[in-house]
Every structure is written in C-alpha cells, then in structure tokens.
Amino acid sequence: ENNLPQPIQNVSDLYEALDERIMAGFGGVAEYGVTVRWDKNFLKIIYLTLARRKHFHIYGGVRFGGTLRIEDAWDLGVNHIAIATGAGRPTVVEMKNNLIRGVRKASDFLMALQLTGAAKKSSMASLQIRLPAIVIGGGLTAIDTATELMAYYPLQVEKIRERFKILTHEFGEERVWSMFAAEEKGILEEFLVHAEAIQNERKRAEASGELPNFAQLVRSWGGVSIAYRKNMTDSPAYRLNHEEIIKSLEEGIF
C-alpha cells in the first residue's frame, strides 16, 4: 500500500459534509463554538496551509507560565508571544434557579452540540430540547443558538424515533414503554408524533420535487423565539452583522 503523501490538485477533494465531519481540534472556538452554518472546511485549509511551512511547529502539553516560562521562550530565541485566551466563559445571569432543568447557557448549548456531535445520526450524545424554546439575548451567540435550536430539533426527534423502533423491535413495545416514568412517556410521545410529521414532510417534498419545509412545522409546535430587552436594531448582533439577523428570520426565527 502506498502511504506516501499525495499532491492535492483540487482543494474541493479535502471538503467533507459539514454535518458528518470529524472535528480536528484546530481552530478553537471556530471549531467547537461556531455552528456548522459556517463552512468549517476552511479550518482544514488553514491548518494545512500552516502545517506545510518549514518553520511552523505545534507542541502539545505545554502550559505557558508552567512548562514554558516567558524567560524560557526568550532563551529559545522566540521574539514574539501571542496570548490566545480563547472565548470567554458563559454569561451566568444573577438570578435564582437560573440553571434549573430546561435552562441552559447559550454558549454551553452550542459547545455541547458541537463537541458531542449530537446532530450526527451516529452520535449517542444526549442533548434534549423541547419546543417552544426562547433564547434571551441580542448578540450573535443568541442568533446562532436560535438557528441551531431550530435546525437541531427535527434531527433530534427523527433520531429518537429511529432508536425507538429498533428497541421495540428488539424488546417489544410494552417492555420499552415500561422503562419510562409518566413524565418521560409524555415527552417521548410528543417526540414520536413530531418525528412522524417530519417524515411525512420529507415524503411530500420528495414526491413533489421540493425541499422539505421543516420551519413551518417547528413554528406550529411553538418554534424558537429571541427575546431582547430593546429593539433588534439596537442589539449587538445588528451592529456587528445585521445579515445574521436577516438570515435567522428567513429560517423561521421570530
């Protein structure tokens, strides 16, 4: 078998499906925080562009100030140090019971979604959401969270329906239902009904040669809303990138 490196003629040969790609651990928050609506294949291109350079090296297990002190860096001939501290911590609202069941911090939700690969069909990650969902805030993270919630919900209920079918086939429907408490049964029934509607929409769209319209279904179940204390034109998201807001509204956020 020839394991020698091969030249790359077309950069598109390196691209992977965004919903199936395996994270390479390069790019920091661009990898595990920013959603797949951004083409993360560019991260691989950036990595390869850097890695092919003769004087570019990556060392793991090095803690600045511990393993490597600033004096050590100067002694090694380093003449510039960039401190890349990464994204900030999640914003914790000073409110009683602000982390009760059903409430998550936006950045925590996005990181869990990306790091666990919850949206992948092959993933066993447990990241459960229900509708209606409300995102409090007016920044770009709030916009990302709302759009990802809306995109993730149909995938979540379809995965649950598929696994429910496998379990009932293996153990019988009565035994499977007996594993759940009353509240869990209600949630599962809700998910199964929604998954059936998603499947019917897929079949309708395929028969008519259209793309499925999940946004209408998600909105009929309560949808995803953004709650901001001012007008959206005053929000950080609008000031930084108003197109994000436009696109999120086009996707069905309200």
# chains A, B, ... in the order shown; residues from 1 in each chain; ligands from 1
>>> select_by_dssp(residues="region 22-252 of chain A", states="strand (DSSP E)", output="list in words")
Ala133, Ile134, Val135, Ile136, Val224, Ser225, Ile226 and Ala227 of chain A
>>> residues_around(residues="Ser220 (chain A)", least_positions_apart="3", cutoff="12 Å", atoms="only C-alpha atoms", output="short mmCIF file (atom, residue, chain, number, x, y, z; two decimals) with N, CA and C atoms, in the first residue's frame")
data_model
loop_
_atom_site.label_atom_id
_atom_site.label_comp_id
_atom_site.auth_asym_id
_atom_site.auth_seq_id
_atom_site.Cartn_x
_atom_site.Cartn_y
_atom_site.Cartn_z
N LEU A 131 -39.84 22.10 22.49
CA LEU A 131 -40.42 23.34 21.98
C LEU A 131 -41.68 23.67 22.75
N PRO A 132 -42.00 24.96 22.87
CA PRO A 132 -41.31 26.13 22.31
C PRO A 132 -40.02 26.43 23.08
N HIS A 194 -44.07 14.27 16.54
CA HIS A 194 -43.36 15.27 15.74
C HIS A 194 -42.46 14.60 14.69
N ALA A 197 -44.47 13.59 11.76
CA ALA A 197 -44.79 14.74 10.91
C ALA A 197 -43.58 15.12 10.05
N ASN A 213 -40.03 21.60 4.08
CA ASN A 213 -40.19 22.84 4.84
C ASN A 213 -40.42 22.50 6.31
N PHE A 214 -39.31 22.33 7.04
CA PHE A 214 -39.41 21.99 8.45
C PHE A 214 -39.74 23.22 9.31
N ALA A 215 -39.38 24.40 8.81
CA ALA A 215 -39.59 25.62 9.59
C ALA A 215 -41.06 25.80 9.95
N GLN A 216 -41.95 25.51 9.00
CA GLN A 216 -43.38 25.66 9.24
C GLN A 216 -43.85 24.71 10.34
N LEU A 217 -43.32 23.48 10.32
CA LEU A 217 -43.69 22.51 11.35
C LEU A 217 -43.18 22.94 12.72
N GLY A 223 -42.12 26.77 18.02
CA GLY A 223 -40.99 27.45 17.39
C GLY A 223 -39.90 27.91 18.35
N VAL A 224 -39.03 28.72 17.82
CA VAL A 224 -37.91 29.29 18.57
C VAL A 224 -38.00 30.81 18.48
N GLY A 252 -37.01 31.22 9.95
CA GLY A 252 -38.22 30.99 10.73
C GLY A 252 -38.16 31.41 12.18
#
>>> residues_around(residues="region 19-25 of chain A", least_positions_apart="3", cutoff="12 Å", atoms="only C-alpha atoms", output="number ranges by chain")
A: 14-16, 28-33, 35-48, 60, 113-123, 151-152, 155
>>> write_last_selection(atoms="C-alpha atoms", output="compact mmCIF listing (two decimals), in the first residue's frame")
# COMPACT_ATOMS: atom_id res chain seq x y z
CA LEU A 14 -10.50 17.85 1.02
CA TYR A 15 -14.00 19.05 1.78
CA GLU A 16 -16.32 16.99 3.98
CA GLY A 28 -10.55 26.84 18.98
CA VAL A 29 -13.95 28.47 19.27
CA ALA A 30 -14.21 28.46 15.46
CA GLU A 31 -14.26 24.66 15.75
CA TYR A 32 -16.35 23.92 18.82
CA GLY A 33 -18.40 27.09 19.23
CA THR A 35 -22.04 26.47 14.20
CA VAL A 36 -21.87 24.34 11.06
CA ARG A 37 -23.69 27.04 9.13
CA TRP A 38 -20.17 28.38 8.65
CA ASP A 39 -18.05 26.26 6.31
CA LYS A 40 -15.58 24.66 8.71
CA ASN A 41 -13.78 23.02 5.82
CA PHE A 42 -11.87 26.28 5.69
CA LEU A 43 -10.32 25.35 9.05
CA LYS A 44 -8.68 22.35 7.42
CA ILE A 45 -7.36 24.54 4.62
CA ILE A 46 -5.90 27.00 7.14
CA TYR A 47 -4.34 24.15 9.11
CA LEU A 48 -2.72 22.59 6.04
CA GLY A 60 1.10 19.80 22.84
CA LEU A 113 -23.92 20.49 20.30
CA GLN A 114 -20.58 20.78 18.52
CA LEU A 115 -18.29 18.79 20.83
CA THR A 116 -20.62 15.81 21.28
CA GLY A 117 -21.72 15.75 17.65
CA ALA A 118 -25.30 15.44 18.87
CA ALA A 119 -26.74 16.27 15.45
CA LYS A 120 -24.97 13.33 13.80
CA LYS A 121 -27.06 10.23 13.24
CA SER A 122 -24.27 8.04 14.59
CA SER A 123 -23.88 10.03 17.82
CA ALA A 151 -32.20 23.06 12.91
CA TYR A 152 -31.43 20.51 15.63
CA LEU A 155 -32.92 15.80 13.69
>>> residues_around(residues="Lys165 (chain A)", least_positions_apart="5", cutoff="12 Å", atoms="only C-alpha atoms", output="ChimeraX atom specification")
/A:158-160,170-173,176-177,192,195
>>> closest_residue(among="A:Ala142, A:Ala73, A:Leu240, A:Val62", to="Tyr228 (chain A)", atoms="only C-alpha atoms")
A:Ala142
>>> atom_distance(atom1="CA of Glu148 (chain A)", atom2="CA of Gly102 (chain A)")
16.4 Å
>>> closest_residue(among="A:Thr49, A:Ser225, A:Thr91, A:Asn241", to="Phe254 (chain A)", atoms="only C-alpha atoms")
A:Ser225
>>> closest_residue(among="A:Pro154, A:Gly222, A:Pro5, A:Gly209", to="Glu196 (chain A)", atoms="only C-alpha atoms")
A:Pro154
>>> atom_distance(atom1="CA of Pro7 (chain A)", atom2="CA of His55 (chain A)")
20.2 Å
>>> decode(residues="region 94-135 of chain A", atoms="C-alpha atoms", output="PDB file, in the first residue's frame")
ATOM      1  CA  GLU A  94     -27.568  36.600  38.590  1.00  0.00           C
ATOM      2  CA  MET A  95     -30.985  35.104  39.075  1.00  0.00           C
ATOM      3  CA  LYS A  96     -32.278  32.444  41.437  1.00  0.00           C
ATOM      4  CA  ASN A  97     -32.668  28.997  39.855  1.00  0.00           C
ATOM      5  CA  ASN A  98     -31.094  30.179  36.607  1.00  0.00           C
ATOM      6  CA  LEU A  99     -29.709  26.699  35.916  1.00  0.00           C
ATOM      7  CA  ILE A 100     -32.785  24.613  36.642  1.00  0.00           C
ATOM      8  CA  ARG A 101     -33.827  21.814  34.304  1.00  0.00           C
ATOM      9  CA  GLY A 102     -34.758  23.157  30.908  1.00  0.00           C
ATOM     10  CA  VAL A 103     -32.452  26.175  31.116  1.00  0.00           C
ATOM     11  CA  ARG A 104     -29.000  26.268  29.524  1.00  0.00           C
ATOM     12  CA  LYS A 105     -26.450  28.938  28.785  1.00  0.00           C
ATOM     13  CA  ALA A 106     -26.249  29.702  25.065  1.00  0.00           C
ATOM     14  CA  SER A 107     -22.506  29.112  24.734  1.00  0.00           C
ATOM     15  CA  ASP A 108     -22.797  25.922  26.771  1.00  0.00           C
ATOM     16  CA  PHE A 109     -25.534  24.639  24.448  1.00  0.00           C
ATOM     17  CA  LEU A 110     -23.503  25.419  21.324  1.00  0.00           C
ATOM     18  CA  MET A 111     -20.385  23.779  22.732  1.00  0.00           C
ATOM     19  CA  ALA A 112     -22.345  20.677  23.753  1.00  0.00           C
ATOM     20  CA  LEU A 113     -23.918  20.487  20.301  1.00  0.00           C
ATOM     21  CA  GLN A 114     -20.577  20.775  18.515  1.00  0.00           C
ATOM     22  CA  LEU A 115     -18.291  18.786  20.834  1.00  0.00           C
ATOM     23  CA  THR A 116     -20.615  15.807  21.280  1.00  0.00           C
ATOM     24  CA  GLY A 117     -21.723  15.749  17.648  1.00  0.00           C
ATOM     25  CA  ALA A 118     -25.305  15.442  18.870  1.00  0.00           C
ATOM     26  CA  ALA A 119     -26.739  16.274  15.447  1.00  0.00           C
ATOM     27  CA  LYS A 120     -24.973  13.334  13.804  1.00  0.00           C
ATOM     28  CA  LYS A 121     -27.058  10.233  13.235  1.00  0.00           C
ATOM     29  CA  SER A 122     -24.271   8.037  14.590  1.00  0.00           C
ATOM     30  CA  SER A 123     -23.882  10.030  17.824  1.00  0.00           C
ATOM     31  CA  MET A 124     -25.172   8.627  21.126  1.00  0.00           C
ATOM     32  CA  ALA A 125     -24.961  12.042  22.782  1.00  0.00           C
ATOM     33  CA  SER A 126     -27.898  13.044  24.951  1.00  0.00           C
ATOM     34  CA  LEU A 127     -28.791  16.662  24.222  1.00  0.00           C
ATOM     35  CA  GLN A 128     -32.534  17.012  24.633  1.00  0.00           C
ATOM     36  CA  ILE A 129     -34.534  20.102  23.771  1.00  0.00           C
ATOM     37  CA  ARG A 130     -38.272  20.749  23.660  1.00  0.00           C
ATOM     38  CA  LEU A 131     -40.418  23.338  21.977  1.00  0.00           C
ATOM     39  CA  PRO A 132     -41.306  26.125  22.311  1.00  0.00           C
ATOM     40  CA  ALA A 133     -37.801  27.463  23.004  1.00  0.00           C
ATOM     41  CA  ILE A 134     -36.824  31.001  23.960  1.00  0.00           C
ATOM     42  CA  VAL A 135     -33.346  32.474  23.620  1.00  0.00           C
TER      43      VAL A 135
END
